[in-house]
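Q: Sharing query.txt below, compact mmCIF, C-alpha atoms (C1' of nucleotides):
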# COMPACT_ATOMS: atom_id res chain seq x y z
CA MET A 227 -10.12 -37.30 -7.88
CA ARG A 228 -8.51 -35.53 -10.75
CA ARG A 229 -8.00 -31.80 -10.23
CA VAL A 230 -9.10 -29.38 -12.90
CA LYS A 231 -6.08 -28.06 -14.71
CA VAL A 232 -5.46 -24.40 -14.07
CA THR A 233 -4.85 -22.56 -17.32
CA GLU A 234 -1.77 -20.46 -17.78
CA PRO A 235 -3.62 -17.14 -18.20
CA GLN A 236 -5.45 -17.86 -14.94
CA VAL A 237 -2.18 -18.50 -13.13
CA PHE A 238 -0.72 -15.25 -14.45
CA ALA A 239 -3.78 -13.22 -13.54
CA ARG A 240 -4.02 -14.60 -10.01
CA VAL A 241 -0.34 -14.46 -9.26
CA SER A 242 0.11 -10.94 -10.57
CA ARG A 243 -2.78 -9.82 -8.40
CA VAL A 244 -0.93 -11.04 -5.31
CA PHE A 245 2.33 -9.32 -6.23
CA ARG A 246 0.51 -6.08 -7.00
CA GLU A 247 -1.12 -6.22 -3.58
CA LYS A 248 1.74 -7.41 -1.39
CA GLY A 249 4.96 -6.61 -3.19
CA TYR A 250 7.93 -8.90 -3.68
CA GLU A 251 8.96 -9.71 -0.12
CA GLY A 252 5.39 -9.56 1.10
CA THR A 253 4.38 -12.37 -1.23
CA SER A 254 5.03 -15.90 0.03
CA TYR A 255 4.39 -19.26 -1.56
CA ALA A 256 1.53 -19.67 0.89
CA ASP A 257 -0.08 -16.61 -0.73
CA LEU A 258 0.58 -17.90 -4.24
CA ILE A 259 -0.83 -21.31 -3.35
CA ALA A 260 -3.97 -19.75 -1.90
CA ALA A 261 -4.40 -17.58 -5.00
CA THR A 262 -3.81 -20.22 -7.65
CA GLY A 263 -5.10 -23.40 -6.04
CA LEU A 264 -1.87 -25.02 -7.11
CA VAL A 265 0.48 -26.73 -4.69
CA LYS A 266 4.04 -25.52 -4.19
CA ALA A 267 5.68 -28.22 -6.31
CA SER A 268 3.33 -27.40 -9.18
CA LEU A 269 4.40 -23.78 -9.08
CA TYR A 270 8.01 -24.90 -9.15
CA HIS A 271 7.19 -27.11 -12.13
CA ARG A 272 5.89 -24.10 -14.05
CA PHE A 273 8.53 -21.71 -12.77
CA PRO A 274 11.68 -23.69 -11.93
CA GLY A 275 13.50 -20.47 -11.04
CA GLY A 276 11.25 -19.89 -8.04
CA LYS A 277 9.86 -16.55 -6.95
CA GLU A 278 12.31 -14.58 -9.04
CA GLU A 279 11.21 -16.34 -12.20
CA ILE A 280 7.55 -15.93 -11.30
CA VAL A 281 7.94 -12.22 -10.82
CA GLU A 282 9.90 -11.88 -14.06
CA ALA A 283 7.22 -13.77 -15.98
CA VAL A 284 4.42 -11.78 -14.36
CA LEU A 285 6.20 -8.53 -15.15
CA SER A 286 6.58 -9.54 -18.81
CA GLU A 287 2.97 -10.57 -19.10
CA VAL A 288 1.44 -7.55 -17.34
CA ASP A 289 3.79 -5.37 -19.32
CA ARG A 290 2.55 -6.82 -22.57
CA GLU A 291 -1.10 -6.33 -21.61
CA PHE A 292 -0.41 -2.77 -20.46
CA ALA A 293 1.38 -1.87 -23.68
CA GLU A 294 -1.11 -3.60 -25.98
CA TYR A 295 -4.22 -2.28 -24.32
CA VAL A 296 -3.68 0.73 -22.07
CA LEU A 297 -0.89 2.43 -24.00
CA ARG A 298 -2.04 1.41 -27.45
CA PRO A 299 -3.86 4.66 -28.27
CA ALA A 300 -0.56 6.50 -27.91
CA TRP A 301 0.74 4.78 -31.03
CA GLN A 302 -2.40 5.07 -33.14
CA GLU A 303 -3.78 7.73 -35.41
CA GLY A 304 -6.18 10.43 -34.28
CA SER A 305 -6.45 13.51 -32.14
CA PRO A 306 -3.83 13.54 -29.38
CA ARG A 307 -6.38 14.73 -26.86
CA GLU A 308 -8.83 11.98 -27.72
CA ARG A 309 -6.06 9.37 -27.55
CA ALA A 310 -5.08 10.66 -24.11
CA ARG A 311 -8.71 10.46 -23.03
CA GLN A 312 -8.90 6.84 -24.12
CA MET A 313 -5.72 5.99 -22.24
CA ALA A 314 -7.16 7.66 -19.15
CA ARG A 315 -10.26 5.47 -19.40
CA ARG A 316 -8.15 2.35 -19.71
CA LEU A 317 -5.88 3.40 -16.88
CA LYS A 318 -8.93 3.76 -14.66
CA GLU A 319 -9.95 0.25 -15.60
CA PHE A 320 -6.46 -1.18 -15.21
CA TYR A 321 -6.00 0.27 -11.72
CA GLY A 322 -9.48 -0.60 -10.52
CA SER A 323 -10.40 3.08 -10.13
CA GLY A 324 -7.50 3.48 -7.73
CA GLY A 325 -7.99 0.32 -5.71
CA LEU A 326 -5.18 -1.70 -7.30
CA TRP A 327 -1.51 -0.83 -7.08
CA CYS A 328 1.15 -0.69 -9.76
CA LEU A 329 3.38 -3.72 -10.17
CA LEU A 330 6.29 -1.49 -11.22
CA ASP A 331 6.03 0.12 -7.79
CA THR A 332 5.30 -2.77 -5.48
CA ILE A 333 7.77 -5.15 -7.07
CA THR A 334 10.79 -2.87 -7.10
CA LEU A 335 11.18 -2.54 -3.35
CA SER A 336 13.90 -4.87 -2.04
CA SER A 337 13.97 -7.14 -5.04
CA ASN A 338 16.99 -7.99 -7.18
CA ALA A 339 18.65 -5.59 -9.62
CA ARG A 340 17.50 -7.57 -12.65
CA THR A 341 13.85 -7.12 -11.75
CA VAL A 342 14.31 -3.41 -11.09
CA ALA A 343 16.04 -3.05 -14.47
CA HIS A 344 13.14 -4.85 -16.15
CA ALA A 345 10.61 -2.61 -14.43
CA GLY A 346 12.71 0.38 -15.45
CA ARG A 347 12.43 -0.54 -19.13
CA SER A 348 8.68 -0.99 -18.76
CA MET A 349 8.31 2.44 -17.21
CA GLU A 350 10.48 4.00 -19.91
CA PHE A 351 8.12 2.62 -22.54
CA TRP A 352 5.18 4.07 -20.63
CA ILE A 353 6.89 7.46 -20.55
CA ASP A 354 7.75 7.18 -24.25
CA SER A 355 4.12 6.47 -25.06
CA PHE A 356 2.90 9.51 -23.14
CA ALA A 357 5.64 11.64 -24.67
CA ARG A 358 4.56 10.64 -28.13
CA VAL A 359 1.06 11.95 -27.51
CA ALA A 360 2.48 15.19 -26.14
CA ARG A 361 4.71 15.58 -29.20
CA ASP A 362 1.78 14.89 -31.49
CA ALA A 363 -0.02 17.71 -29.69
CA GLY A 364 2.71 20.03 -30.91
CA LEU A 365 5.05 20.16 -27.94
CA PRO A 366 8.82 20.17 -28.45
CA ALA A 367 10.41 16.77 -27.71
CA LYS A 368 12.15 17.81 -24.53
CA LEU A 369 9.05 19.33 -23.03
CA ALA A 370 6.94 16.37 -24.15
CA ARG A 371 9.29 14.06 -22.34
CA ALA A 372 9.13 16.11 -19.12
CA ARG A 373 5.33 16.22 -19.30
CA ALA A 374 5.23 12.46 -19.79
CA GLU A 375 7.49 11.82 -16.80
CA ALA A 376 5.37 14.10 -14.67
CA ALA A 377 2.17 12.41 -15.83
CA VAL A 378 3.44 8.93 -15.01
CA ALA A 379 4.63 10.18 -11.64
CA ALA A 380 1.26 11.81 -11.01
CA ILE A 381 -0.48 8.50 -11.60
CA GLU A 382 1.94 6.48 -9.49
CA GLY A 383 1.75 9.04 -6.72
CA ALA A 384 -2.01 9.22 -6.81
CA LEU A 385 -2.13 5.46 -6.30
CA ILE A 386 0.03 5.86 -3.20
CA VAL A 387 -2.18 8.64 -1.86
CA SER A 388 -5.13 6.42 -2.60
CA ARG A 389 -3.63 3.52 -0.67
CA VAL A 390 -2.45 5.55 2.30
CA THR A 391 -5.43 7.87 2.79
CA LYS A 392 -8.02 5.41 1.44
CA ASN A 393 -9.36 8.14 -0.80
CA ARG A 394 -9.59 7.42 -4.50
CA ARG A 395 -10.61 10.86 -5.60
CA PRO A 396 -7.08 12.18 -6.17
CA PHE A 397 -6.45 9.26 -8.49
CA LEU A 398 -9.62 9.86 -10.48
CA ARG A 399 -8.85 13.58 -10.66
CA THR A 400 -5.39 12.84 -11.97
CA LEU A 401 -6.88 10.76 -14.76
CA GLY A 402 -9.40 13.50 -15.41
CA SER A 403 -6.71 16.09 -16.00
CA LEU A 404 -4.36 13.74 -17.86
CA PRO A 405 -5.47 14.72 -21.38
CA THR A 406 -4.96 18.39 -20.58
CA ASP A 407 -1.72 17.87 -18.66
CA LEU A 408 -0.26 15.93 -21.55
CA THR A 409 -1.38 18.08 -24.44
CA LYS A 410 -1.87 21.69 -23.34
CA ARG A 411 0.47 24.15 -24.98
CA ALA A 412 1.79 25.81 -21.84
CA VAL A 413 1.57 25.77 -18.08
CA GLY A 414 2.15 28.58 -15.69
CA VAL A 415 0.31 31.68 -14.62
CA SER A 416 -2.57 32.39 -16.91
CA ARG A 417 -5.53 34.70 -17.02
CA ALA A 418 -7.98 31.83 -17.39
CA ALA A 419 -10.44 31.89 -14.57
CA VAL A 420 -9.99 29.81 -11.42
CA ALA A 421 -13.56 28.72 -12.10
CA ASP A 422 -12.29 26.70 -15.05
CA GLU A 423 -10.14 24.56 -12.83
CA MET A 424 -12.73 24.31 -10.12
CA GLU A 425 -15.29 23.04 -12.56
CA GLN A 426 -13.08 20.08 -13.23
CA LEU A 427 -13.04 19.09 -9.56
CA ARG A 428 -15.13 16.04 -8.92
CA MET B 189 34.64 -5.74 26.79
CA ARG B 190 31.84 -3.36 27.43
CA ARG B 191 29.91 -2.29 24.31
CA VAL B 192 29.29 1.39 23.68
CA LYS B 193 25.69 2.17 24.38
CA VAL B 194 23.75 3.07 21.27
CA THR B 195 21.71 6.22 21.85
CA GLU B 196 18.01 6.25 21.14
CA PRO B 197 18.16 8.87 18.37
CA GLN B 198 20.80 6.74 16.64
CA VAL B 199 18.59 3.67 16.83
CA PHE B 200 15.65 5.58 15.36
CA ALA B 201 17.71 7.06 12.55
CA ARG B 202 19.28 3.75 11.55
CA VAL B 203 16.13 1.70 11.85
CA SER B 204 13.98 4.16 9.91
CA ARG B 205 16.56 4.15 7.15
CA VAL B 206 16.12 0.39 6.76
CA PHE B 207 12.32 0.55 6.66
CA ARG B 208 12.43 3.38 4.13
CA GLU B 209 14.68 1.29 1.93
CA LYS B 210 13.15 -2.16 2.26
CA GLY B 211 9.56 -1.72 3.39
CA TYR B 212 7.78 -3.57 6.14
CA GLU B 213 7.99 -7.19 4.98
CA GLY B 214 11.36 -6.60 3.36
CA THR B 215 12.91 -5.62 6.66
CA SER B 216 14.08 -8.49 8.86
CA TYR B 217 15.69 -8.50 12.27
CA ALA B 218 18.92 -9.45 10.54
CA ASP B 219 18.70 -6.10 8.70
CA LEU B 220 17.89 -4.20 11.87
CA ILE B 221 20.74 -5.88 13.73
CA ALA B 222 23.18 -4.99 10.95
CA ALA B 223 21.97 -1.39 10.92
CA THR B 224 21.96 -0.76 14.67
CA GLY B 225 24.77 -2.96 15.93
CA LEU B 226 22.37 -4.22 18.55
CA VAL B 227 21.54 -7.86 19.00
CA LYS B 228 18.00 -9.15 18.59
CA ALA B 229 17.22 -9.44 22.29
CA SER B 230 18.32 -5.83 22.78
CA LEU B 231 15.90 -4.66 20.13
CA TYR B 232 13.15 -6.61 21.88
CA HIS B 233 14.13 -4.97 25.14
CA ARG B 234 13.63 -1.52 23.60
CA PHE B 235 10.57 -2.50 21.58
CA PRO B 236 8.78 -5.36 23.37
CA GLY B 237 6.03 -5.33 20.75
CA GLY B 238 8.43 -6.49 18.05
CA LYS B 239 8.55 -5.25 14.48
CA GLU B 240 5.10 -3.72 14.69
CA GLU B 241 6.08 -1.57 17.63
CA ILE B 242 9.34 -0.58 15.96
CA VAL B 243 7.58 0.57 12.85
CA GLU B 244 4.97 2.48 14.87
CA ALA B 245 7.69 4.24 16.84
CA VAL B 246 9.68 5.03 13.72
CA LEU B 247 6.60 6.38 12.01
CA SER B 248 5.84 8.68 14.96
CA GLU B 249 9.40 9.93 15.11
CA VAL B 250 9.90 10.52 11.39
CA ASP B 251 6.47 12.10 11.34
CA ARG B 252 7.43 14.54 14.04
CA GLU B 253 10.65 15.51 12.28
CA PHE B 254 8.84 15.91 8.96
CA ALA B 255 6.17 18.13 10.50
CA GLU B 256 8.55 20.19 12.59
CA TYR B 257 11.13 20.75 9.91
CA VAL B 258 9.93 20.11 6.37
CA LEU B 259 6.32 21.27 6.75
CA ARG B 260 6.98 24.00 9.26
CA PRO B 261 7.05 26.87 6.74
CA ALA B 262 3.45 26.06 5.82
CA TRP B 263 2.32 27.22 9.25
CA GLN B 264 4.51 30.30 9.49
CA GLU B 265 4.10 33.87 8.35
CA GLY B 266 5.34 35.19 5.05
CA SER B 267 4.81 34.99 1.33
CA PRO B 268 3.10 31.74 0.33
CA ARG B 269 5.42 31.32 -2.60
CA GLU B 270 8.53 31.77 -0.51
CA ARG B 271 7.22 29.33 2.09
CA ALA B 272 6.59 26.79 -0.67
CA ARG B 273 10.12 27.34 -1.92
CA GLN B 274 11.53 26.65 1.50
CA MET B 275 9.49 23.46 1.84
CA ALA B 276 10.78 22.36 -1.57
CA ARG B 277 14.36 22.86 -0.39
CA ARG B 278 13.72 20.84 2.73
CA LEU B 279 11.92 18.11 0.81
CA LYS B 280 14.95 17.78 -1.43
CA GLU B 281 17.09 17.37 1.65
CA PHE B 282 14.69 14.97 3.35
CA TYR B 283 14.48 12.67 0.33
CA GLY B 284 18.20 12.75 -0.46
CA SER B 285 17.56 14.51 -3.78
CA GLY B 286 15.38 11.59 -4.83
CA GLY B 287 17.57 8.76 -3.58
CA LEU B 288 15.57 7.96 -0.44
CA TRP B 289 12.02 6.64 -0.43
CA CYS B 290 9.01 7.75 1.58
CA LEU B 291 8.19 5.78 4.73
CA LEU B 292 4.47 6.41 4.21
CA ASP B 293 4.79 4.54 0.93
CA THR B 294 7.15 1.69 1.74
CA ILE B 295 5.60 0.86 5.08
CA THR B 296 1.98 0.69 3.96
CA LEU B 297 2.35 -2.31 1.66
CA SER B 298 1.22 -5.51 3.38
CA SER B 299 1.44 -4.20 6.91
CA ASN B 300 -1.34 -4.14 9.48
CA ALA B 301 -4.35 -1.79 9.35
CA ARG B 302 -3.20 0.18 12.37
CA THR B 303 0.03 1.18 10.68
CA VAL B 304 -1.76 2.13 7.48
CA ALA B 305 -4.19 4.27 9.50
CA HIS B 306 -1.27 5.97 11.22
CA ALA B 307 0.42 6.67 7.89
CA GLY B 308 -2.91 7.97 6.60
CA ARG B 309 -3.11 10.57 9.35
CA SER B 310 0.48 11.62 8.63
CA MET B 311 -0.27 12.08 4.96
CA GLU B 312 -3.44 14.03 5.75
CA PHE B 313 -1.38 16.48 7.79
CA TRP B 314 1.04 16.82 4.90
CA ILE B 315 -1.85 17.58 2.56
CA ASP B 316 -3.33 20.01 5.07
CA SER B 317 -0.01 21.84 5.27
CA PHE B 318 0.25 22.20 1.51
CA ALA B 319 -3.40 23.24 1.30
CA ARG B 320 -2.83 25.99 3.81
CA VAL B 321 -0.13 27.52 1.64
CA ALA B 322 -2.41 27.32 -1.38
CA ARG B 323 -5.23 28.99 0.54
CA ASP B 324 -2.88 31.71 1.73
CA ALA B 325 -2.04 32.29 -1.92
CA GLY B 326 -5.68 33.17 -2.44
CA LEU B 327 -7.14 29.92 -3.72
CA PRO B 328 -10.56 28.76 -2.59
CA ALA B 329 -10.42 26.01 0.04
CA LYS B 330 -11.68 23.22 -2.18
CA LEU B 331 -9.23 24.01 -4.94
CA ALA B 332 -6.40 24.44 -2.45
CA ARG B 333 -7.11 20.98 -1.11
CA ALA B 334 -7.08 19.42 -4.59
CA ARG B 335 -3.82 21.17 -5.43
CA ALA B 336 -2.30 19.92 -2.20
CA GLU B 337 -3.34 16.33 -2.88
CA ALA B 338 -1.92 16.56 -6.38
CA ALA B 339 1.33 18.04 -5.11
CA VAL B 340 1.84 15.29 -2.52
CA ALA B 341 1.02 12.68 -5.17
CA ALA B 342 3.46 14.32 -7.58
CA ILE B 343 6.24 14.02 -5.00
CA GLU B 344 5.42 10.43 -4.06
CA GLY B 345 5.15 9.46 -7.71
CA ALA B 346 8.37 11.19 -8.65
CA LEU B 347 10.15 9.13 -5.98
CA ILE B 348 8.77 5.96 -7.58
CA VAL B 349 9.86 7.07 -11.03
CA SER B 350 13.22 7.87 -9.51
CA ARG B 351 13.54 4.40 -7.99
CA VAL B 352 12.33 2.49 -11.02
CA THR B 353 14.11 4.38 -13.79
CA LYS B 354 17.11 5.40 -11.68
CA ASN B 355 16.66 8.96 -12.85
CA ARG B 356 16.33 11.66 -10.22
CA ARG B 357 15.56 14.50 -12.56
CA PRO B 358 11.77 14.08 -12.50
CA PHE B 359 11.89 14.35 -8.72
CA LEU B 360 14.00 17.49 -8.78
CA ARG B 361 11.74 19.00 -11.45
CA THR B 362 8.70 18.28 -9.35
CA LEU B 363 10.24 20.16 -6.45
CA GLY B 364 11.20 22.95 -8.80
CA SER B 365 7.63 23.49 -9.91
CA LEU B 366 6.10 22.92 -6.48
CA PRO B 367 5.87 26.62 -5.50
CA THR B 368 4.08 27.42 -8.74
CA ASP B 369 1.87 24.34 -8.71
CA LEU B 370 0.74 25.14 -5.19
CA THR B 371 0.18 28.87 -5.50
CA LYS B 372 -0.63 29.83 -9.09
CA ARG B 373 -4.08 31.25 -9.57
CA ALA B 374 -5.20 28.95 -12.36
CA VAL B 375 -4.14 26.07 -14.52
CA GLY B 376 -5.28 25.17 -17.99
CA VAL B 377 -4.71 26.53 -21.44
CA SER B 378 -2.98 29.85 -21.27
CA ARG B 379 -1.33 32.20 -23.70
CA ALA B 380 1.95 32.18 -21.75
CA ALA B 381 4.73 30.99 -23.98
CA VAL B 382 5.92 27.39 -24.05
CA ALA B 383 9.35 28.90 -23.63
CA ASP B 384 8.43 29.77 -20.04
CA GLU B 385 7.92 26.15 -19.16
CA MET B 386 10.92 24.97 -21.10
CA GLU B 387 13.17 27.38 -19.29
CA GLN B 388 12.28 25.66 -16.07
CA LEU B 389 13.47 22.28 -17.37
CA ARG B 390 16.70 21.23 -15.84
C1' DG C 140 1.13 -31.46 -14.86
C1' DT C 141 -0.22 -32.30 -10.40
C1' DC C 142 0.40 -34.32 -6.17
C1' DT C 143 2.60 -35.93 -1.10
C1' DA C 144 6.47 -35.69 1.66
C1' DT C 145 10.42 -33.77 3.34
C1' DA C 146 14.71 -31.03 3.75
C1' DG C 147 17.20 -27.16 5.51
C1' DC C 148 17.39 -22.50 6.36
C1' DT C 149 15.57 -17.98 8.04
C1' DT C 150 12.18 -15.82 10.39
C1' DG C 151 10.10 -13.51 14.58
C1' DA C 152 10.20 -14.20 19.41
C1' DT C 153 11.68 -15.56 24.41
C1' DA C 154 14.44 -17.12 28.65
C1' DG C 155 17.83 -16.06 31.51
C1' DA C 156 22.88 -14.76 32.69
C1' DC C 157 25.71 -10.65 33.37
C1' DG D 7 20.72 -2.41 28.77
C1' DT D 8 23.21 -5.80 26.52
C1' DC D 9 24.44 -10.32 25.77
C1' DT D 10 24.26 -15.92 24.53
C1' DA D 11 21.35 -19.61 23.67
C1' DT D 12 17.32 -21.58 22.17
C1' DC D 13 12.60 -22.19 20.13
C1' DA D 14 8.71 -23.10 17.05
C1' DA D 15 6.90 -21.57 12.89
C1' DG D 16 7.31 -20.11 8.38
C1' DC D 17 10.05 -19.80 4.46
C1' DT D 18 12.12 -21.39 -0.18
C1' DA D 19 13.25 -25.38 -2.50
C1' DT D 20 13.57 -30.43 -4.03
C1' DA D 21 12.67 -35.61 -4.64
C1' DG D 22 9.86 -38.74 -6.46
C1' DA D 23 5.14 -41.13 -7.06
C1' DC D 24 1.10 -40.99 -10.09
As structure tokens, how would this structure be written, given the file I've shared?

A:
Amino acid sequence: MRRVKVTEPQVFARVSRVFREKGYEGTSYADLIAATGLVKASLYHRFPGGKEEIVEAVLSEVDREFAEYVLRPAWQEGSPRERARQMARRLKEFYGSGGLWCLLDTITLSSNARTVAHAGRSMEFWIDSFARVARDAGLPAKLARARAEAAVAAIEGALIVSRVTKNRRPFLRTLGSLPTDLTKRAVGVSRAAVADEMEQLR
Amino acid sequence: MRRVKVTEPQVFARVSRVFREKGYEGTSYADLIAATGLVKASLYHRFPGGKEEIVEAVLSEVDREFAEYVLRPAWQEGSPRERARQMARRLKEFYGSGGLWCLLDTITLSSNARTVAHAGRSMEFWIDSFARVARDAGLPAKLARARAEAAVAAIEGALIVSRVTKNRRPFLRTLGSLPTDLTKRAVGVSRAAVADEMEQLR
DNA sequence: GTCTATAGCTTGATAGAC
DNA sequence: GTCTATCAAGCTATAGAC
């Protein structure tokens, strides 16, 4: 009765799903076993460092996918607004329209300093990517950076609101306004009609 | 050797601090014992329902304080902008300038449905409070609601960015722009100078 | 690379004395 | 209302066969 070998990409995908959903402390080996179909000793064979090593590996892998797919448009040629729009589409996909949480969030609560530092670097790259688009749209570097931080926070926060109130609309709205938030030349009081903003409400 | 009795408000304050910091699964009785100075059986005497009852009680209490202090200006008389400013000041205080997390966030990851529902109602009241200020500023109800959701998300997200990148500035900036974000008549492309926004960067 | 079996510790929870 | 003592279950982790 030979078991079918579970491929490495499958293990990563299934395990990361659990950590995204339950966080670091909330994830037990029982959960990981149920998700992968592997037995505990097999997980230890693949990740001798235990849970900490698993979470490090998952973070690296998810990070790579996020950078290479979701954030990629930030580093390509083309109209800043259109690149932001493409990132918004991919963010929607990546976060399951607001039904999946962010690993950088769930994993950084009561986990070790090394993991938090790793997640910090990942988030910095995310911010850098957004900031690049804002700069390409003509914003001064300092302002671009602030806009990028605010945009990342808006997304992270919208996921929390989505989880807590079980309403995904704020998340989808945040993605909808992302291209504008990242690239518009100024915020503040304007004479543009309220109707403009209301039209964008979905 | 009689022990000094620990007052109920002290227990609530210390226990809620732990849950804010570590989340639901991340908090163990060992943590609660260390924080309160009480022994396990004493905690069970006060909260026979165990961890679930503790977290419910903490949520109710923190909720009450948040509504009665932080959100209070939303339901008072006066200029909407000034009321938003006062809430921003109190939010800064409540979240330790970005060094303390939100219970509604940390407690809703891998905890039971009842707790998530409770947290959901708390967040709805928060959104309602913000929306009221936006409506008082002259915004139509639907737009006011969307602005309120976005503002709550911005705060929650800024706390995550603060935790992950160990940089509190995004959080403080979010509070700085809260009065404007909540009460301005329109967003979008405007002719107001970029300098206006940059001046507000701290 | 996967499995069975087991070790030892920590967890949430309870009984009962003071 | 607080304590000591104890419990079973769950946890992370390892040894060793196939």

Q: Using all atoms listed in the file, which residue out of B:Ala222, B:Val321, B:Val304, B:Ala262 lies closest to B:Arg205?

A: B:Ala222

Q: Got a sec to pull out which chain C residues are within 10 Å of chain B, counting all atoms listed in the file, and send them as a PyMOL selection string?

A: chain C and resi 149-153

Q: Quick one: contact table of chain A to chain B, 6 Å max, nearest atom pair and distance in Å to one decimal per residue, counting all atoms listed in the file, chain and number order, as a Markdown table?

A:
| residue | atom | partner | partner_atom | distance |
| --- | --- | --- | --- | --- |
| A:Lys248 | CA | B:Ser298 | CA | 5.2 |
| A:Glu251 | CA | B:Gly214 | CA | 5.2 |
| A:Gly252 | CA | B:Glu213 | CA | 5.2 |
| A:Leu335 | CA | B:Lys210 | CA | 6.0 |
| A:Ser336 | CA | B:Lys210 | CA | 5.1 |
| A:Gly346 | CA | B:Thr353 | CA | 4.6 |
| A:Ala379 | CA | B:Gly345 | CA | 4.0 |
| A:Ala380 | CA | B:Ala342 | CA | 4.8 |
| A:Glu382 | CA | B:Gly345 | CA | 4.7 |
| A:Gly383 | CA | B:Gly345 | CA | 3.6 |
| A:Ala384 | CA | B:Ala341 | CA | 4.9 |
| A:Val390 | CA | B:Gly308 | CA | 5.0 |
| A:Thr391 | CA | B:Gly308 | CA | 4.6 |
| A:Lys410 | CA | B:Val377 | CA | 5.9 |
| A:Ala412 | CA | B:Val382 | CA | 4.9 |
| A:Val415 | CA | B:Lys372 | CA | 5.9 |
| A:Ser416 | CA | B:Ser378 | CA | 5.1 |
| A:Val420 | CA | B:Ala374 | CA | 5.0 |

Q: Separation of atom CA of B:Arg302 and atom CA of B:Glu240, in Å?

A: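 For atom CA of B:Arg302 relative to atom CA of B:Glu240, the distance reads 9.5 Å.
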
Q: Show me, as a compact mmCIF listing (two decimals) with C-alpha atoms, in the coordinates of the input, the residues that have an atom within 10 Å of B:Lys280 when counting all atoms listed in the file, minus same-chain residues fewer than 3 positions from it.

A:
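part_17.txt, written as the output of this step:
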# COMPACT_ATOMS: atom_id res chain seq x y z
CA VAL B 258 9.93 20.11 6.37
CA GLN B 274 11.53 26.65 1.50
CA MET B 275 9.49 23.46 1.84
CA ALA B 276 10.78 22.36 -1.57
CA ARG B 277 14.36 22.86 -0.39
CA TYR B 283 14.48 12.67 0.33
CA GLY B 284 18.20 12.75 -0.46
CA SER B 285 17.56 14.51 -3.78
CA GLY B 286 15.38 11.59 -4.83
CA GLY B 287 17.57 8.76 -3.58
CA LEU B 288 15.57 7.96 -0.44
CA PHE B 359 11.89 14.35 -8.72
CA LEU B 360 14.00 17.49 -8.78
CA LEU B 363 10.24 20.16 -6.45
CA GLY B 364 11.20 22.95 -8.80

Q: Within 12 Å of chain B, which residues of chain D are there when counting only C-alpha atoms (C1' of nucleotides)? Please give them as a PDB file with C-alpha atoms (C1' of nucleotides), in the frame of the given file.

A:
ATOM      1  C1'  DG D   7      20.720  -2.410  28.770  1.00  0.00           C
ATOM      2  C1'  DT D   8      23.210  -5.800  26.520  1.00  0.00           C
ATOM      3  C1'  DC D   9      24.440 -10.320  25.770  1.00  0.00           C
ATOM      4  C1'  DT D  10      24.260 -15.920  24.530  1.00  0.00           C
ATOM      5  C1'  DA D  11      21.350 -19.610  23.670  1.00  0.00           C
TER       6       DA D  11
END

Q: I'd like the interatomic distance between atom CA of A:Arg316 and atom CA of A:Tyr295, to a tenth of an Å.

A: 7.6 Å

Q: One decimal, Å: what's the distance from atom CA of A:Glu234 over to atom CA of A:Val288, could you say?

A: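 These two atoms are separated by 13.3 Å.
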
Q: Each side padded by 6 Å, which centre and which edge lengths in Å (one decimal) define the axis-aligned box around the listed atoms of stretch 303-321 of chain A? Give them as AutoDock Vina command-line options.

A:
--center_x -7.0 --center_y 6.8 --center_z -23.6 --size_x 18.5 --size_y 27.9 --size_z 35.7

Q: So which residues touch B:Arg202 within 8 Å, counting all atoms listed in the file, skipping near sequence neighbours fewer than 4 positions away, as a PDB file with C-alpha atoms, in the frame of the given file?

A:
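File written: selection_35.pdb
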ATOM      1  CA  GLN B 198      20.800   6.740  16.640  1.00  0.00           C
ATOM      2  CA  VAL B 206      16.120   0.390   6.760  1.00  0.00           C
ATOM      3  CA  ALA B 223      21.970  -1.390  10.920  1.00  0.00           C
ATOM      4  CA  THR B 224      21.960  -0.760  14.670  1.00  0.00           C
TER       5      THR B 224
END

Q: Can you find the residues with an atom no farther than 10 Å from (1.3, -41.3, -7.7), counting all atoms listed in the file, and report them as JSON, numbers by chain?

A: {"C": [141, 142, 143], "D": [22, 23, 24]}

Q: List the spatial neighbours of A:Glu291 as a ChimeraX atom specification - criterion: any atom at most 12 Å away, all atoms listed in the file, same-chain residues fewer than 2 positions off excluded.

A: /A:235,238-239,284-289,293-298,316-317,320,348

Q: Would you kindly place N, CA and C atoms on stretch 213-218 of chain B and return the model as an mmCIF file, keeping the file's coordinate frame?

A:
data_model
loop_
_atom_site.group_PDB
_atom_site.id
_atom_site.type_symbol
_atom_site.label_atom_id
_atom_site.label_comp_id
_atom_site.auth_asym_id
_atom_site.auth_seq_id
_atom_site.Cartn_x
_atom_site.Cartn_y
_atom_site.Cartn_z
ATOM 1 N N GLU B 213 7.678 -5.765 5.103
ATOM 2 C CA GLU B 213 7.990 -7.190 4.980
ATOM 3 C C GLU B 213 9.443 -7.403 4.572
ATOM 4 N N GLY B 214 9.986 -6.453 3.831
ATOM 5 C CA GLY B 214 11.360 -6.600 3.360
ATOM 6 C C GLY B 214 12.398 -6.418 4.441
ATOM 7 N N THR B 215 11.979 -5.847 5.555
ATOM 8 C CA THR B 215 12.910 -5.620 6.660
ATOM 9 C C THR B 215 12.852 -6.765 7.659
ATOM 10 N N SER B 216 14.001 -7.389 7.893
ATOM 11 C CA SER B 216 14.080 -8.490 8.860
ATOM 12 C C SER B 216 14.915 -8.041 10.059
ATOM 13 N N TYR B 217 14.856 -8.826 11.118
ATOM 14 C CA TYR B 217 15.690 -8.500 12.270
ATOM 15 C C TYR B 217 17.165 -8.528 11.908
ATOM 16 N N ALA B 218 17.530 -9.420 10.991
ATOM 17 C CA ALA B 218 18.920 -9.450 10.540
ATOM 18 C C ALA B 218 19.329 -8.073 9.999
#
